[in-house]
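S.K.: Below are the structure tokens for one structure; questions will follow.
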Amino acid sequence: MFPYRTVLFDVDGTLIDSNGAHAAAWAQALNEHGIQVSVGEIRPLIGMGGDKLLPAVAHVEESSSRGETLTKRKKELFKGALPGLRPTRGARSLLECLREREIDLVVATSAGTREMHALLEQGGLADLFSAHTSKDDAAESKPDPDILLAALARCKAQVASTVMIGDTPYDIEAADRAGIAAIALRCGGYWSDADLRGAIAIYDDPAALLAAI
């Protein structure tokens with residue numbers, strides 16, 4: 001049984017195999033501007049928004065002039081990688097199944113609104129969501145709960161009947177702080193099951209979750 005009436009979905013790493021591309025784009029943008037950092041150092045931070053990532057890795061505030069320059073360059077680089085990105089295994093099938101059960105599907109991502117829509121279009125998933133929330137709808141990105149709380153308010157969802165599906169500890173922490181359950185997927189890569197231990201269940205990817213429900 002799947003007891004939820006609303007599902008909040010992360011996008012990067014959960015529905016689209018894009019975490020590596022994000023890490024590479026951030027590393028290149030930073031290196032181009034004199035901040036020497038490897039993709040490996042960036043990778044554990046993917047899942048946060050730039051408002052968290054830049055201070056953590058470069059001691060730069062996203063809202064500063066330098067932060068805006070770095071963010072703009074990162075977006076340019078990621079846009080170039082976008083045509084090569086693909087949905088995770090079973091992403092569309094899972095979303096279609098949940099829609100058939102009349103479950104509300106809502107995006108809750110740390111990506112910006114424009115990037116979110118581009119990712120969903122690239123993955124062939126844009127038509128399956130009833131609402132969207134992004135970092136543009138919240139003061140703070142994950143692991144702060146702001147984006148999830150905005151999603152709950154937008155679709156007037158009940159906390160007890162809502163679950164977050166994501167691929168990073170930041171999704172799980174944000175869900176916990178918003179008072180909702182979380183299901184973790186391993187398809188985002190990098191994270192161990194121990195890192196995802198706050199989730200009520202862990203599956204390999206959307207296809208594995210679909211098989212279980």
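Letters for chains follow the order of the structure tokens (A, B, ...), residue numbers begin at 1 for each chain, and ligand numbers begin at 1 in the order shown.
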Just asking: which residues within segment 25-134 of chain A are helix (DSSP H, G or I) according to DSSP, as a PyMOL selection string?
M.R.: chain A and resi 25-32+39-45+50-58+65-84+91-100+113-122+126-128
S.K.: Need the shell around Asp10 of chain A: protein/DNA/RNA residues with any atom at most 10 Å away, counting only C-alpha atoms. Skip same-chain ones fewer than 2 positions apart. Format as an MDAnalysis selection string?
M.R.: chainID A and resid 7:8 12:16 47 106:111 116 133:134 148 164:168 171
S.K.: So that I have them on file, write out the residues from the current selection with C-alpha atoms, as a compact mmCIF listing (two decimals), in the first residue's frame.
M.R.:
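Saved to result-v1.txt:
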```
# COMPACT_ATOMS: atom_id res chain seq x y z
CA VAL A 7 4.28 13.33 -3.15
CA LEU A 8 6.97 15.99 -3.18
CA ASP A 12 18.29 16.31 -9.71
CA GLY A 13 19.54 12.80 -9.05
CA THR A 14 16.02 11.60 -8.24
CA LEU A 15 14.22 11.98 -11.56
CA ILE A 16 17.09 13.19 -13.77
CA GLY A 47 21.51 18.71 -3.44
CA VAL A 106 4.67 18.39 -6.67
CA VAL A 107 8.24 19.39 -7.50
CA ALA A 108 10.29 20.55 -4.51
CA THR A 109 13.79 21.30 -5.76
CA SER A 110 16.79 23.42 -4.75
CA ALA A 111 17.23 24.32 -8.43
CA MET A 116 13.86 23.11 -13.01
CA THR A 133 8.31 24.81 -6.05
CA SER A 134 11.95 25.78 -6.40
CA LEU A 148 9.00 21.82 1.15
CA MET A 164 9.18 13.51 0.05
CA ILE A 165 11.12 11.44 -2.49
CA GLY A 166 14.76 12.44 -2.91
CA ASP A 167 18.30 11.15 -3.28
CA THR A 168 20.41 13.09 -0.77
CA ASP A 171 16.17 15.99 1.05
```
S.K.: State, in Å with one decimal place, the distance from atom CA of Asp137 of chain A to atom CA of Ala150 of chain A.
M.R.: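 Rounded to one decimal, the two atoms are 6.8 Å apart.
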S.K.: Could you build a table of the residues in segment 170-197 of chain A lying no more than 10 Å from segment 25-43 of chain A, giving for each the nearest pair of atoms and their separation in Å rounded to one decimal place, using only C-alpha atoms, ordered by chain and ascending residue number, as a tab-separated table?
M.R.:
```
residue	atom	partner	partner_atom	distance
A:Gly189	CA	A:Arg43	CA	9.5
A:Tyr190	CA	A:Arg43	CA	7.7
A:Trp191	CA	A:Arg43	CA	10.0
```
S.K.: Can you write just those residues out, N, CA and C atoms, as a short mmCIF file (atom, residue, chain, number, x, y, z; two decimals), in the first residue's frame?
M.R.:
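Final output, saved to result_18.cif:
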```cif
data_model
loop_
_atom_site.label_atom_id
_atom_site.label_comp_id
_atom_site.auth_asym_id
_atom_site.auth_seq_id
_atom_site.Cartn_x
_atom_site.Cartn_y
_atom_site.Cartn_z
N GLY A 189 23.55 8.61 -6.69
CA GLY A 189 24.96 8.29 -6.53
C GLY A 189 25.56 8.91 -5.29
N TYR A 190 26.76 8.54 -4.99
CA TYR A 190 27.61 9.09 -3.93
C TYR A 190 27.21 8.65 -2.53
N TRP A 191 25.95 8.79 -2.15
CA TRP A 191 25.56 8.59 -0.76
C TRP A 191 25.37 7.12 -0.42
#
```
S.K.: Show me, as a ChimeraX atom specification, the residues that have an atom within 10 Å of Ala211 of chain A when counting only C-alpha atoms, minus same-chain residues fewer than 6 positions from it.
M.R.: /A:90,94,203
S.K.: Check the DSSP output for the backbone and give back, as a PyMOL selection string, the residues of segment 40-202 of chain A in strand (DSSP E or B).
M.R.: chain A and resi 46+48+87+104-108+131-133+162-166+181-185+201-202
S.K.: Can you tell me, as a short mmCIF file (atom, residue, chain, number, x, y, z; two decimals) with N, CA and C atoms, in the first residue's frame, what residues are no more than 7 Å from Leu85 of chain A when counting only C-alpha atoms, ignoring any on the same chain fewer than 3 positions away?
M.R.:
```cif
data_model
loop_
_atom_site.label_atom_id
_atom_site.label_comp_id
_atom_site.auth_asym_id
_atom_site.auth_seq_id
_atom_site.Cartn_x
_atom_site.Cartn_y
_atom_site.Cartn_z
N ASP A 17 19.26 12.17 -14.10
CA ASP A 17 20.63 11.79 -13.73
C ASP A 17 21.57 12.97 -14.01
N SER A 18 21.54 13.95 -13.12
CA SER A 18 22.21 15.23 -13.38
C SER A 18 23.20 15.66 -12.31
N LEU A 82 23.05 19.99 -20.49
CA LEU A 82 21.65 19.56 -20.38
C LEU A 82 21.21 18.60 -21.47
#
```
S.K.: Could you state the separation of atom CA of Arg86 of chain A and atom CA of Gly123 of chain A in Å, given to one decimal place?
M.R.: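 Pair atom CA of Arg86 of chain A / atom CA of Gly123 of chain A returns 5.7 Å.
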S.K.: So which one's closest to Tyr4 of chain A, A:Ala207, A:Leu120, A:Ile103, A:Ile172? Using only C-alpha atoms, please.
M.R.: A:Ile103
S.K.: Which is closest to Cys97 of chain A among A:Leu152, A:Ala157, A:Leu128, A:Lys52, if we use only C-alpha atoms?
M.R.: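 Checking each candidate against Cys97 of chain A, we get A:Leu128 as the closest.
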S.K.: Compile the contact shell of Glu96 of chain A as a list in words: residues with an atom at most 10 Å away, counting only C-alpha atoms, same-chain residues fewer than 5 positions apart removed.
M.R.: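 Here the answer would be Gly90, Ala91, Arg101, Glu102, Ile103, Leu105, Leu125, Asp127, Leu128 and Phe129 of chain A.
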S.K.: Quick one: distance from atom CA of Asp144 of chain A to atom CA of Cys187 of chain A in Å, one decimal?
M.R.: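 Rounded to one decimal, the two atoms are 22.3 Å apart.
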